[in-house]
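One file, my_file38.txt, is given below (compact mmCIF, C-alpha atoms and all ligand atoms).
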```txt
# COMPACT_ATOMS: atom_id res chain seq x y z
CA MET A 1 -15.50 1.64 161.67
CA ARG A 2 -15.33 -1.88 160.33
CA THR A 3 -17.11 -3.67 157.49
CA GLN A 4 -16.47 -6.63 155.20
CA VAL A 5 -16.49 -4.71 151.91
CA GLY A 6 -15.67 -0.99 151.70
CA ILE A 7 -17.20 0.37 148.49
CA ILE A 8 -15.89 3.61 146.97
CA GLY A 9 -18.48 5.39 144.79
CA ALA A 10 -22.30 5.34 144.76
CA GLY A 11 -22.89 5.06 141.02
CA PRO A 12 -24.87 2.11 139.69
CA ALA A 13 -21.87 -0.25 140.16
CA GLY A 14 -21.21 0.54 143.84
CA LEU A 15 -24.86 0.73 144.89
CA LEU A 16 -25.82 -2.51 143.17
CA LEU A 17 -22.75 -4.33 144.51
CA SER A 18 -23.70 -3.33 148.06
CA ARG A 19 -27.19 -4.70 147.52
CA LEU A 20 -26.06 -7.98 145.92
CA LEU A 21 -23.63 -8.50 148.82
CA ALA A 22 -26.35 -7.80 151.42
CA GLN A 23 -28.47 -10.51 149.77
CA ARG A 24 -25.55 -12.90 150.40
CA GLY A 25 -25.22 -11.89 154.05
CA ILE A 26 -22.11 -9.75 153.45
CA ASP A 27 -21.99 -6.29 154.99
CA SER A 28 -20.61 -3.23 153.26
CA VAL A 29 -20.31 0.55 153.56
CA VAL A 30 -20.63 2.80 150.49
CA LEU A 31 -18.63 6.05 150.42
CA GLU A 32 -19.66 8.75 147.93
CA ASN A 33 -17.97 12.13 147.55
CA ARG A 34 -20.97 13.93 146.00
CA SER A 35 -24.36 14.80 147.51
CA ARG A 36 -27.43 12.62 147.10
CA SER A 37 -29.18 15.26 144.96
CA TYR A 38 -26.15 15.59 142.66
CA VAL A 39 -25.87 11.82 142.16
CA GLU A 40 -29.62 11.50 141.51
CA ALA A 41 -29.70 14.33 138.97
CA ARG A 42 -26.81 13.16 136.75
CA ILE A 43 -28.32 12.40 133.33
CA ARG A 44 -26.60 9.54 131.58
CA ALA A 45 -27.52 6.22 129.99
CA GLY A 46 -31.01 5.02 129.14
CA ILE A 47 -30.96 1.49 127.74
CA LEU A 48 -30.94 -1.59 129.99
CA GLU A 49 -30.04 -5.01 128.62
CA GLN A 50 -32.15 -8.01 129.56
CA HIS A 51 -29.57 -9.27 132.11
CA THR A 52 -29.44 -5.81 133.73
CA VAL A 53 -33.22 -5.80 134.16
CA ASP A 54 -33.10 -9.36 135.54
CA THR A 55 -30.28 -8.50 137.95
CA LEU A 56 -32.05 -5.35 139.23
CA THR A 57 -35.25 -7.36 139.65
CA GLU A 58 -33.47 -10.14 141.57
CA ALA A 59 -31.83 -7.44 143.70
CA GLY A 60 -35.33 -6.26 144.71
CA VAL A 61 -35.18 -2.91 142.90
CA GLY A 62 -37.16 -3.79 139.77
CA HIS A 63 -40.69 -2.73 140.79
CA ARG A 64 -40.70 0.83 139.40
CA LEU A 65 -38.61 -0.29 136.43
CA ARG A 66 -41.29 -2.87 135.50
CA ARG A 67 -44.03 -0.26 136.05
CA GLU A 68 -42.52 2.84 134.43
CA GLY A 69 -39.79 1.43 132.17
CA MET A 70 -40.61 0.71 128.54
CA GLU A 71 -39.74 -2.66 127.04
CA HIS A 72 -38.37 -2.28 123.51
CA ARG A 73 -38.38 -5.07 120.99
CA GLY A 74 -35.95 -3.58 118.49
CA ILE A 75 -34.29 -0.54 116.98
CA HIS A 76 -34.62 1.30 113.69
CA LEU A 77 -31.40 1.62 111.66
CA GLN A 78 -31.55 4.49 109.20
CA TYR A 79 -29.56 5.87 106.28
CA PRO A 80 -30.92 8.33 103.69
CA GLY A 81 -34.12 6.97 102.18
CA THR A 82 -34.22 3.82 104.37
CA ARG A 83 -35.46 3.10 107.88
CA HIS A 84 -35.10 -0.58 108.70
CA THR A 85 -36.40 -2.26 111.87
CA LEU A 86 -34.39 -4.96 113.64
CA ASP A 87 -36.78 -7.22 115.58
CA PHE A 88 -34.79 -8.41 118.60
CA PRO A 89 -37.09 -11.20 119.87
CA GLU A 90 -37.18 -12.66 116.35
CA LEU A 91 -33.40 -12.35 115.91
CA CYS A 92 -32.19 -13.45 119.34
CA GLY A 93 -35.11 -13.96 121.72
CA ARG A 94 -34.24 -11.00 123.95
CA THR A 95 -35.46 -7.40 124.46
CA VAL A 96 -34.08 -4.22 126.07
CA TRP A 97 -35.70 -1.67 128.39
CA VAL A 98 -35.73 2.11 128.27
CA TYR A 99 -35.33 3.32 131.86
CA GLY A 100 -32.97 6.20 132.70
CA GLN A 101 -29.82 5.65 134.73
CA THR A 102 -31.05 8.45 137.01
CA GLU A 103 -34.09 6.30 137.85
CA VAL A 104 -31.95 3.17 138.44
CA THR A 105 -29.76 5.24 140.79
CA LYS A 106 -32.76 6.71 142.65
CA ASP A 107 -34.25 3.21 143.15
CA LEU A 108 -30.93 1.84 144.46
CA ILE A 109 -30.35 4.79 146.81
CA LYS A 110 -33.89 4.56 148.18
CA ALA A 111 -33.49 0.82 148.85
CA GLN A 112 -30.11 1.44 150.50
CA LEU A 113 -31.38 4.19 152.81
CA ASP A 114 -34.49 2.11 153.58
CA GLY A 115 -32.71 -0.37 155.88
CA GLY A 116 -29.83 -1.32 153.57
CA PRO A 117 -26.12 -1.06 154.38
CA PRO A 118 -24.69 2.39 155.29
CA LEU A 119 -24.31 4.89 152.44
CA LEU A 120 -22.34 8.04 153.27
CA PHE A 121 -22.61 11.05 150.97
CA GLU A 122 -20.29 14.07 150.73
CA VAL A 123 -17.19 12.32 152.10
CA SER A 124 -13.77 13.56 150.96
CA ASP A 125 -10.07 12.60 150.89
CA VAL A 126 -10.99 8.95 150.19
CA THR A 127 -7.81 6.83 150.20
CA PRO A 128 -7.57 3.02 149.99
CA GLU A 129 -4.59 1.66 151.95
CA ASP A 130 -2.75 -1.65 152.46
CA VAL A 131 -4.65 -3.35 149.66
CA ASP A 132 -1.86 -5.91 149.18
CA GLY A 133 -2.54 -7.45 152.61
CA ASP A 134 -5.61 -9.21 154.07
CA SER A 135 -6.75 -6.19 156.12
CA PRO A 136 -7.05 -3.17 153.84
CA ARG A 137 -8.63 0.08 155.03
CA ILE A 138 -10.11 3.24 153.56
CA ARG A 139 -9.26 6.60 155.10
CA PHE A 140 -11.71 9.41 154.44
CA THR A 141 -13.15 12.61 155.88
CA ASP A 142 -16.87 12.45 156.67
CA ALA A 143 -19.45 15.09 155.71
CA GLU A 144 -18.95 16.82 159.10
CA GLY A 145 -15.21 17.15 158.46
CA ASN A 146 -14.07 14.37 160.84
CA PRO A 147 -11.25 12.04 159.72
CA GLN A 148 -12.41 8.38 159.65
CA VAL A 149 -10.88 4.95 159.07
CA LEU A 150 -12.95 2.10 157.60
CA ASP A 151 -11.26 -1.29 158.17
CA CYS A 152 -12.37 -3.93 155.66
CA ASP A 153 -11.65 -7.41 154.27
CA VAL A 154 -12.00 -6.14 150.70
CA VAL A 155 -12.20 -2.76 148.94
CA ALA A 156 -14.34 -2.28 145.81
CA GLY A 157 -13.29 0.59 143.55
CA THR A 158 -16.53 1.61 141.83
CA ASP A 159 -15.66 5.29 141.68
CA GLY A 160 -15.92 5.91 137.96
CA PHE A 161 -13.37 7.10 135.43
CA HIS A 162 -12.02 9.98 137.56
CA GLY A 163 -11.94 8.06 140.85
CA VAL A 164 -9.04 7.31 143.21
CA SER A 165 -9.08 3.50 142.96
CA ARG A 166 -7.66 2.83 139.49
CA PRO A 167 -4.42 4.77 140.15
CA VAL A 168 -3.83 2.56 143.22
CA VAL A 169 -4.24 -0.57 141.06
CA THR A 170 -2.04 0.66 138.21
CA ALA A 171 0.66 1.84 140.65
CA GLY A 172 0.98 -1.62 142.18
CA THR A 173 0.55 -4.01 139.24
CA ALA A 174 2.34 -4.64 135.97
CA GLY A 175 -0.79 -3.73 134.11
CA GLN A 176 -1.70 -2.30 130.76
CA LEU A 177 -3.91 0.53 129.48
CA TRP A 178 -5.57 0.80 126.09
CA GLU A 179 -7.19 4.02 124.93
CA ARG A 180 -8.85 5.35 121.80
CA THR A 181 -10.27 8.84 121.53
CA TYR A 182 -12.69 9.50 118.68
CA PRO A 183 -12.84 12.61 116.49
CA TYR A 184 -16.51 13.12 117.41
CA ALA A 185 -18.66 13.93 120.42
CA TRP A 186 -22.39 13.70 121.17
CA LEU A 187 -24.59 16.68 121.85
CA GLY A 188 -27.43 15.28 123.99
CA ILE A 189 -30.75 16.92 124.80
CA LEU A 190 -33.69 16.06 127.01
CA ALA A 191 -36.96 17.55 125.77
CA ASP A 192 -40.55 17.70 126.97
CA ALA A 193 -41.83 16.22 123.73
CA ALA A 194 -43.71 12.97 123.13
CA PRO A 195 -41.43 10.65 121.10
CA SER A 196 -42.66 10.37 117.50
CA THR A 197 -41.09 6.93 117.16
CA ASP A 198 -41.94 3.55 118.69
CA GLU A 199 -38.32 2.30 118.74
CA LEU A 200 -34.98 4.13 119.01
CA ILE A 201 -33.64 5.39 115.67
CA TYR A 202 -29.89 5.14 114.97
CA ALA A 203 -29.38 7.31 111.87
CA TRP A 204 -26.39 7.64 109.56
CA HIS A 205 -26.40 10.94 107.67
CA PRO A 206 -23.75 12.70 105.55
CA GLU A 207 -23.78 15.57 108.09
CA GLY A 208 -23.28 13.20 111.01
CA PHE A 209 -24.95 10.62 113.23
CA ALA A 210 -28.26 11.26 115.03
CA LEU A 211 -30.03 9.14 117.66
CA TYR A 212 -33.67 9.38 118.68
CA SER A 213 -34.25 7.93 122.14
CA MET A 214 -36.73 8.61 124.92
CA ARG A 215 -37.31 8.48 128.66
CA SER A 216 -41.12 8.26 128.90
CA PRO A 217 -44.24 8.72 126.74
CA SER A 218 -43.80 12.50 127.18
CA VAL A 219 -40.00 12.95 127.30
CA SER A 220 -37.57 12.50 124.39
CA ARG A 221 -33.80 12.09 124.59
CA LEU A 222 -31.95 12.91 121.35
CA TYR A 223 -28.32 13.04 120.32
CA LEU A 224 -26.36 14.64 117.48
CA GLN A 225 -22.78 13.94 116.40
CA VAL A 226 -20.77 17.16 116.81
CA ASP A 227 -17.12 18.13 116.74
CA PRO A 228 -15.42 17.40 120.11
CA THR A 229 -14.06 20.96 120.21
CA ASP A 230 -17.52 22.48 119.71
CA SER A 231 -19.18 24.40 122.54
CA ILE A 232 -22.77 23.97 123.67
CA ASP A 233 -23.09 27.78 123.50
CA ASN A 234 -22.98 27.47 119.69
CA TRP A 235 -26.12 25.33 119.70
CA SER A 236 -29.40 27.19 120.13
CA ASP A 237 -32.46 24.98 120.62
CA ASP A 238 -33.63 25.95 117.11
CA ARG A 239 -30.31 24.90 115.57
CA ILE A 240 -30.46 21.56 117.42
CA TRP A 241 -34.02 20.80 116.24
CA GLU A 242 -33.17 21.80 112.64
CA ASN A 243 -30.20 19.40 112.61
CA LEU A 244 -32.18 16.59 114.22
CA SER A 245 -35.01 17.03 111.68
CA ARG A 246 -32.59 16.97 108.76
CA ARG A 247 -30.52 14.01 109.91
CA LEU A 248 -33.55 11.92 110.95
CA ASP A 249 -35.64 12.96 107.92
CA LEU A 250 -37.93 10.38 106.31
CA ASP A 251 -40.85 11.00 103.92
CA GLY A 252 -44.18 11.39 105.74
CA TRP A 253 -42.59 11.44 109.23
CA SER A 254 -41.24 14.18 111.51
CA VAL A 255 -39.49 14.71 114.85
CA ASN A 256 -41.76 16.01 117.64
CA THR A 257 -40.24 19.14 119.13
CA GLY A 258 -40.79 20.68 122.58
CA PRO A 259 -39.00 22.65 125.33
CA VAL A 260 -35.39 21.52 125.82
CA THR A 261 -34.81 20.92 129.56
CA GLU A 262 -31.14 19.84 129.44
CA LYS A 263 -28.34 19.95 126.87
CA SER A 264 -24.66 19.08 127.00
CA ILE A 265 -21.76 17.77 124.89
CA LEU A 266 -20.20 14.41 125.83
CA PRO A 267 -16.73 13.33 124.68
CA MET A 268 -16.31 9.79 123.32
CA ARG A 269 -13.54 7.40 124.18
CA SER A 270 -12.69 3.74 124.57
CA PHE A 271 -10.51 2.92 127.56
CA VAL A 272 -9.57 -0.37 129.24
CA SER A 273 -7.30 -0.81 132.27
CA ALA A 274 -6.08 -4.30 133.18
CA PRO A 275 -5.92 -6.04 135.58
CA MET A 276 -9.11 -5.05 137.39
CA ARG A 277 -7.58 -6.08 140.71
CA ARG A 278 -4.66 -5.41 143.01
CA GLY A 279 -4.60 -7.70 146.07
CA ARG A 280 -7.80 -6.97 147.99
CA LEU A 281 -8.83 -3.99 145.82
CA PHE A 282 -11.21 -4.83 142.96
CA LEU A 283 -12.27 -2.39 140.21
CA ALA A 284 -15.71 -2.48 138.56
CA GLY A 285 -17.56 -0.31 136.05
CA ASP A 286 -16.22 2.97 134.66
CA ALA A 287 -13.33 2.85 137.17
CA ALA A 288 -11.77 0.20 134.90
CA HIS A 289 -13.22 0.86 131.45
CA ILE A 290 -15.10 3.36 129.28
CA VAL A 291 -16.91 2.72 126.01
CA PRO A 292 -18.32 5.25 123.54
CA PRO A 293 -22.11 5.42 124.05
CA THR A 294 -23.22 4.23 120.58
CA GLY A 295 -23.76 0.61 121.71
CA ALA A 296 -25.51 1.64 124.98
CA LYS A 297 -23.08 -0.55 126.93
CA GLY A 298 -21.50 1.56 129.73
CA LEU A 299 -24.11 1.06 132.43
CA ASN A 300 -24.79 -2.55 131.42
CA LEU A 301 -21.12 -3.42 131.63
CA ALA A 302 -20.92 -1.92 135.13
CA VAL A 303 -23.84 -4.16 136.16
CA ALA A 304 -22.19 -7.23 134.58
CA ASP A 305 -18.92 -6.52 136.47
CA VAL A 306 -20.57 -6.31 139.87
CA THR A 307 -22.67 -9.41 139.19
CA LEU A 308 -19.40 -11.35 138.76
CA LEU A 309 -17.73 -9.55 141.65
CA ALA A 310 -20.59 -10.22 144.09
CA ALA A 311 -20.42 -13.96 143.34
CA ALA A 312 -16.63 -13.94 143.71
CA LEU A 313 -16.73 -12.07 147.04
CA ASP A 314 -19.46 -14.40 148.31
CA ARG A 315 -17.12 -17.35 147.64
CA LEU A 316 -14.18 -15.57 149.26
CA LEU A 317 -15.88 -14.21 152.35
CA ASN A 318 -18.48 -16.92 153.04
CA GLU A 319 -16.61 -20.03 151.84
CA ARG A 320 -12.97 -18.87 152.22
CA ARG A 321 -12.23 -19.92 148.65
CA SER A 322 -10.31 -17.60 146.34
CA ASP A 323 -10.94 -19.27 142.95
CA LEU A 324 -13.57 -16.76 141.77
CA VAL A 325 -11.75 -13.64 142.97
CA ASP A 326 -8.63 -14.96 141.24
CA ALA A 327 -10.63 -15.40 138.02
CA TYR A 328 -12.56 -12.10 138.38
CA SER A 329 -10.33 -9.80 136.34
CA ASP A 330 -9.95 -12.18 133.38
CA SER A 331 -13.66 -13.10 133.37
CA ALA A 332 -14.77 -9.47 133.53
CA LEU A 333 -12.27 -8.36 130.89
CA ARG A 334 -13.56 -10.91 128.37
CA ARG A 335 -16.95 -9.20 128.42
CA VAL A 336 -15.33 -5.75 128.57
CA TRP A 337 -13.46 -6.44 125.32
CA ARG A 338 -16.58 -7.85 123.62
CA CYS A 339 -18.49 -4.68 124.54
CA THR A 340 -15.50 -2.51 123.65
CA HIS A 341 -15.45 -4.06 120.19
CA PHE A 342 -19.22 -3.76 119.73
CA SER A 343 -19.25 -0.11 120.86
CA TRP A 344 -16.30 0.72 118.59
CA TRP A 345 -18.01 -1.07 115.68
CA MET A 346 -21.34 0.74 116.13
CA THR A 347 -19.48 4.04 116.51
CA SER A 348 -17.38 3.41 113.40
CA MET A 349 -20.39 2.38 111.32
CA LEU A 350 -22.54 5.38 112.19
CA HIS A 351 -20.33 8.49 112.63
CA THR A 352 -19.16 10.41 109.60
CA SER A 353 -15.62 11.71 109.28
CA GLY A 354 -15.89 13.64 106.01
CA ASP A 355 -13.97 10.91 104.14
CA ASP A 356 -16.05 9.63 101.21
CA PHE A 357 -14.35 6.22 101.07
CA ASP A 358 -15.25 5.67 104.75
CA ALA A 359 -18.83 6.79 104.01
CA GLN A 360 -19.22 4.19 101.26
CA LEU A 361 -17.89 1.45 103.55
CA GLN A 362 -20.34 2.53 106.27
CA LEU A 363 -23.30 2.48 103.88
CA SER A 364 -22.25 -0.94 102.61
CA GLN A 365 -22.11 -2.23 106.21
CA LEU A 366 -25.52 -0.72 107.00
CA ARG A 367 -27.07 -2.32 103.91
CA ARG A 368 -25.51 -5.62 104.99
CA VAL A 369 -26.97 -5.42 108.53
CA CYS A 370 -30.39 -4.47 107.12
CA GLY A 371 -30.29 -7.13 104.38
CA SER A 372 -28.73 -10.17 106.03
CA GLU A 373 -30.36 -12.01 108.92
CA ALA A 374 -26.95 -13.27 110.07
CA ALA A 375 -25.52 -9.73 110.19
CA ALA A 376 -28.65 -8.39 111.90
CA ARG A 377 -28.50 -11.20 114.49
CA GLU A 378 -24.89 -10.36 115.32
CA LEU A 379 -25.94 -6.76 116.11
CA ALA A 380 -29.06 -7.89 118.02
CA GLU A 381 -27.19 -10.41 120.22
CA ASN A 382 -24.57 -7.84 121.20
CA TYR A 383 -27.02 -4.96 121.66
CA THR A 384 -29.42 -6.91 123.89
CA GLY A 385 -26.47 -8.29 125.88
CA LEU A 386 -24.65 -11.60 125.71
CA PRO A 387 -25.10 -13.94 128.70
CA ILE A 388 -22.78 -13.28 131.65
CA GLU A 389 -20.09 -15.98 131.85
CA GLY A 390 -18.69 -16.56 135.31
P1 LIG A 401 -20.26 6.20 137.83
O1 LIG A 401 -21.68 6.26 137.43
O2 LIG A 401 -19.33 7.20 137.27
O3 LIG A 401 -20.22 6.25 139.42
C1 LIG A 401 -19.02 6.50 140.14
C2 LIG A 401 -19.39 7.17 141.45
O4 LIG A 401 -18.21 7.34 142.21
C3 LIG A 401 -19.97 8.56 141.24
O5 LIG A 401 -21.14 8.70 142.00
C4 LIG A 401 -18.86 9.49 141.71
O6 LIG A 401 -19.37 10.71 142.21
C5 LIG A 401 -18.19 8.64 142.77
N1 LIG A 401 -16.80 8.99 143.05
C6 LIG A 401 -15.85 9.39 142.17
N2 LIG A 401 -14.69 9.60 142.81
C7 LIG A 401 -14.91 9.34 144.10
C8 LIG A 401 -14.10 9.38 145.27
N3 LIG A 401 -12.81 9.76 145.21
N4 LIG A 401 -14.64 9.04 146.44
C9 LIG A 401 -15.93 8.66 146.54
N5 LIG A 401 -16.76 8.60 145.47
C10 LIG A 401 -16.25 8.93 144.27
N6 LIG A 401 -23.60 5.01 128.93
C11 LIG A 401 -24.47 4.58 128.05
O7 LIG A 401 -24.59 3.35 127.90
N7 LIG A 401 -25.28 5.46 127.36
C12 LIG A 401 -25.21 6.81 127.55
O8 LIG A 401 -25.92 7.58 126.95
C13 LIG A 401 -24.27 7.29 128.45
N8 LIG A 401 -24.14 8.62 128.66
C14 LIG A 401 -23.18 9.06 129.52
C15 LIG A 401 -23.01 10.42 129.74
C16 LIG A 401 -22.01 10.88 130.59
C17 LIG A 401 -21.82 12.37 130.80
C18 LIG A 401 -21.17 9.94 131.26
C19 LIG A 401 -20.06 10.42 132.17
C20 LIG A 401 -21.37 8.59 131.05
C21 LIG A 401 -22.36 8.13 130.20
N9 LIG A 401 -22.56 6.77 129.99
C22 LIG A 401 -23.47 6.34 129.13
C23 LIG A 401 -21.81 5.76 130.69
C24 LIG A 401 -22.55 5.27 131.93
O9 LIG A 401 -23.29 6.31 132.49
C25 LIG A 401 -21.51 4.71 132.87
O10 LIG A 401 -20.91 3.60 132.21
C26 LIG A 401 -22.04 4.30 134.24
O11 LIG A 401 -22.41 5.44 134.97
C27 LIG A 401 -20.99 3.50 135.00
O12 LIG A 401 -21.37 3.34 136.33
P2 LIG A 401 -20.29 3.33 137.49
O13 LIG A 401 -21.08 3.10 138.74
O14 LIG A 401 -19.20 2.42 137.14
O15 LIG A 401 -19.64 4.78 137.49
C1 LIG A 402 -29.40 6.24 124.96
C2 LIG A 402 -28.04 6.33 125.05
C3 LIG A 402 -27.27 5.55 124.23
O1 LIG A 402 -25.92 5.62 124.32
C4 LIG A 402 -27.82 4.70 123.30
O2 LIG A 402 -27.02 3.98 122.49
C5 LIG A 402 -29.18 4.61 123.23
C6 LIG A 402 -29.97 5.39 124.06
C7 LIG A 402 -30.23 7.08 125.85
O3 LIG A 402 -29.68 7.90 126.59
O4 LIG A 402 -31.47 6.94 125.82
```
Go through the file and emit its structure as structure tokens.
Amino acid sequence: MRTQVGIIGAGPAGLLLSRLLAQRGIDSVVLENRSRSYVEARIRAGILEQHTVDTLTEAGVGHRLRREGMEHRGIHLQYPGTRHTLDFPELCGRTVWVYGQTEVTKDLIKAQLDGGPPLLFEVSDVTPEDVDGDSPRIRFTDAEGNPQVLDCDVVAGTDGFHGVSRPVVTAGTAGQLWERTYPYAWLGILADAAPSTDELIYAWHPEGFALYSMRSPSVSRLYLQVDPTDSIDNWSDDRIWENLSRRLDLDGWSVNTGPVTEKSILPMRSFVSAPMRRGRLFLAGDAAHIVPPTGAKGLNLAVADVTLLAAALDRLLNERRSDLVDAYSDSALRRVWRCTHFSWWMTSMLHTSGDDFDAQLQLSQLRRVCGSEAAARELAENYTGLPIEG
């Protein structure tokens, strides 16, 4: 088999890259080690920045998003006794959209299988080779168990945090890793309950952070800060609702409850691996970096990476010029570090550690964001997504 760009991983980064390349006349093959149903059922992020919505729309996969997604004009920031609304259009002229990552993935897979470039599920033993030369290849075993070789001009490693691509990059470059693990985790639930809030609520509470989000007019998505060593077995649905009600409490208002259809505990970490390239192997998305979810940046950053990468590969493969691929890692990492800082800052402001000095600093910062237009604008600009710089 031969293609121009061999793409490892059919998450949002790999699927969107394949589509953006096809729009530029560049062919690709996407290799995914899981099944279609597994990939489509994975519940993850829910907030799309303006540039993500624009990119998906330009890529021809924005129809259902525009129909079923919900445009949000702000967030509520809460601490005991106060719920303050940040109005994004007023502060920075942008909005965000609530549309689950599962739906983004389903739309991209459907478009791919509907006449797009090949997408192979349930492959195994995926191994990028000879990435330092001009003719790299990917060895893999197909779903029927046959060994295959995919010859390419370029390999894209969009295989997430646990993929095979990043180790190949770090083994062959004098790179650097940065990592921070946090002493908290999120317990996330999906519930068949109409959201009782118009905008997402990010709530500081002495017992820990809580977040009220949603997926549709009849489905709520809520999160609670828990200890990273805690087990989901310790959390009955009743205990979860009691904690959510207490942490999100406000006079005259209550959380709508309903059947919990999914619950799990997610660890939180910041992680950056640089450079995002070795020769003809380019990393994008979670393969190169992870942020804690508080700033809603993970998925959006993956989209920003592949937007840059698609333009760089267009220049390389269609114009034979290497300036943009040579700049790719540095350009992408500038945004990665901005989002890493913002996600760390939101996480640090909203999660309690039991230290009363820290709590007072957090409350002071929250009062500042709610009371100063300049401080609120800084949050709004970062949350809705800064422009992509190529
Ligand atoms: P992924 O979505 O991880 O896609 C990588 C793909 O590569 C997967 O399909 C995987 O199966 C495949 N793959 C892996 N190894 C191989 C291999 N060897 N060969 C072939 N294929 C391979 N972000 C937020 O902003 N908000 C959230 O609430 C949020 N919640 C999250 C919850 C969880 C449990 C996780 C893990 C992440 C969450 N994120 C969240 C982060 C966000 O979902 C990711 O940033 C986003 O999925 C990144 O997309 P990606 O395409 O880079 O990676
Ligand atoms: C959701 C996830 C986030 O990490 C966040 O900051 C806001 C919303 C969500 O899953 O809806």
Legend entry - Residues near Leu244 in chain A, cut-off 7 Å, all atoms listed in the file, skip fewer than 3 positions along chain, as a list of chain:residue names: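 After dropping sequence-adjacent residues, the list is A:Ala210, A:Leu224, A:Ile240, A:Trp241, A:Arg247, A:Leu248.
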Dump of C-alpha atoms for the selected residues, as an mmCIF file, in the frame of the given file:
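Contents of result_1.cif, as written:
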```
data_model
loop_
_atom_site.group_PDB
_atom_site.id
_atom_site.type_symbol
_atom_site.label_atom_id
_atom_site.label_comp_id
_atom_site.auth_asym_id
_atom_site.auth_seq_id
_atom_site.Cartn_x
_atom_site.Cartn_y
_atom_site.Cartn_z
ATOM 1 C CA ALA A 210 -28.260 11.260 115.030
ATOM 2 C CA LEU A 224 -26.360 14.640 117.480
ATOM 3 C CA ILE A 240 -30.460 21.560 117.420
ATOM 4 C CA TRP A 241 -34.020 20.800 116.240
ATOM 5 C CA ARG A 247 -30.520 14.010 109.910
ATOM 6 C CA LEU A 248 -33.550 11.920 110.950
#
```
Legend entry - Length of the CA of Glu122 in chain A to atom N6 of ligand LIG 401 (chain A) vector [Å]: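 Computing the Euclidean distance for CA of Glu122 in chain A and atom N6 of ligand LIG 401 (chain A) yields 23.8 Å.
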Inset, instruction - Please provide the set of residues having any atom within 8 Å of Cys370 in chain A, restricted to only C-alpha atoms, with same-chain residues fewer than 2 positions apart removed, written as a VMD selection string. - result: chain A and resid 77 84 to 86 366 to 368 372 to 373 375 to 376
Can you work out which residues are within 6 Å of ligand LIG 402 (chain A), considering all atoms listed in the file, and then hand them over as a PDB file with C-alpha atoms, in the frame of the given file?
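This went into part.pdb:
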```
ATOM      1  CA  ALA A  45     -27.520   6.220 129.990  1.00  0.00           C
ATOM      2  CA  GLY A  46     -31.010   5.020 129.140  1.00  0.00           C
ATOM      3  CA  ILE A  47     -30.960   1.490 127.740  1.00  0.00           C
ATOM      4  CA  SER A 213     -34.250   7.930 122.140  1.00  0.00           C
ATOM      5  CA  MET A 214     -36.730   8.610 124.920  1.00  0.00           C
ATOM      6  CA  ARG A 221     -33.800  12.090 124.590  1.00  0.00           C
ATOM      7  CA  PRO A 293     -22.110   5.420 124.050  1.00  0.00           C
ATOM      8  CA  THR A 294     -23.220   4.230 120.580  1.00  0.00           C
ATOM      9  CA  GLY A 295     -23.760   0.610 121.710  1.00  0.00           C
ATOM     10  CA  ALA A 296     -25.510   1.640 124.980  1.00  0.00           C
TER      11      ALA A 296
END
```
Inset, instruction - Give me, please, the distance in Å between atom O12 of ligand LIG 401 (chain A) and CA of Met1 in chain A, quoted to one decimal. - result: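 It comes out at 26.1 Å.
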Legend entry - Nearest candidate to ligand LIG 401 (chain A) (options A:Asp107, A:Glu68, A:Asp286, A:Asp237; using only C-alpha atoms and all ligand atoms):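 Nearest candidate to ligand LIG 401 (chain A) out of A:Asp107, A:Glu68, A:Asp286, A:Asp237: A:Asp286.
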Legend entry - Shell of 7 Å around ligand LIG 401 (chain A) (only C-alpha atoms and all ligand atoms), written as number ranges by chain: A: 8-14, 31-34, 39, 43-47, 101, 123-126, 158-164, 266, 284-287, 290, 293, 295-300, 302
Hey, which bits of range 225-264 of chain A sit within 12 Å of range 192-198 of chain A, and for each residue what's the closest pair of atoms and how far apart in Å (one decimal), counting only C-alpha atoms, rows by chain and increasing number, as CSV?
```
residue,atom,partner,partner_atom,distance
A:Trp241,CA,A:Ala193,CA,11.8
A:Ser245,CA,A:Ser196,CA,11.7
A:Leu248,CA,A:Thr197,CA,11.0
A:Leu250,CA,A:Thr197,CA,11.8
A:Gly252,CA,A:Ser196,CA,11.9
A:Trp253,CA,A:Ser196,CA,8.3
A:Ser254,CA,A:Ser196,CA,7.2
A:Val255,CA,A:Ser196,CA,6.0
A:Asn256,CA,A:Ser196,CA,5.7
A:Thr257,CA,A:Ala193,CA,5.7
A:Gly258,CA,A:Ala193,CA,4.7
A:Pro259,CA,A:Asp192,CA,5.4
A:Val260,CA,A:Asp192,CA,6.5
A:Thr261,CA,A:Asp192,CA,7.1
A:Glu262,CA,A:Asp192,CA,10.0
```
Given the selection you just returned, output its residues as a file containing C-alpha atoms, formatted as a PDB file, in the coordinates of the input.
```
ATOM      1  CA  TRP A 241     -34.020  20.800 116.240  1.00  0.00           C
ATOM      2  CA  SER A 245     -35.010  17.030 111.680  1.00  0.00           C
ATOM      3  CA  LEU A 248     -33.550  11.920 110.950  1.00  0.00           C
ATOM      4  CA  LEU A 250     -37.930  10.380 106.310  1.00  0.00           C
ATOM      5  CA  GLY A 252     -44.180  11.390 105.740  1.00  0.00           C
ATOM      6  CA  TRP A 253     -42.590  11.440 109.230  1.00  0.00           C
ATOM      7  CA  SER A 254     -41.240  14.180 111.510  1.00  0.00           C
ATOM      8  CA  VAL A 255     -39.490  14.710 114.850  1.00  0.00           C
ATOM      9  CA  ASN A 256     -41.760  16.010 117.640  1.00  0.00           C
ATOM     10  CA  THR A 257     -40.240  19.140 119.130  1.00  0.00           C
ATOM     11  CA  GLY A 258     -40.790  20.680 122.580  1.00  0.00           C
ATOM     12  CA  PRO A 259     -39.000  22.650 125.330  1.00  0.00           C
ATOM     13  CA  VAL A 260     -35.390  21.520 125.820  1.00  0.00           C
ATOM     14  CA  THR A 261     -34.810  20.920 129.560  1.00  0.00           C
ATOM     15  CA  GLU A 262     -31.140  19.840 129.440  1.00  0.00           C
TER      16      GLU A 262
END
```
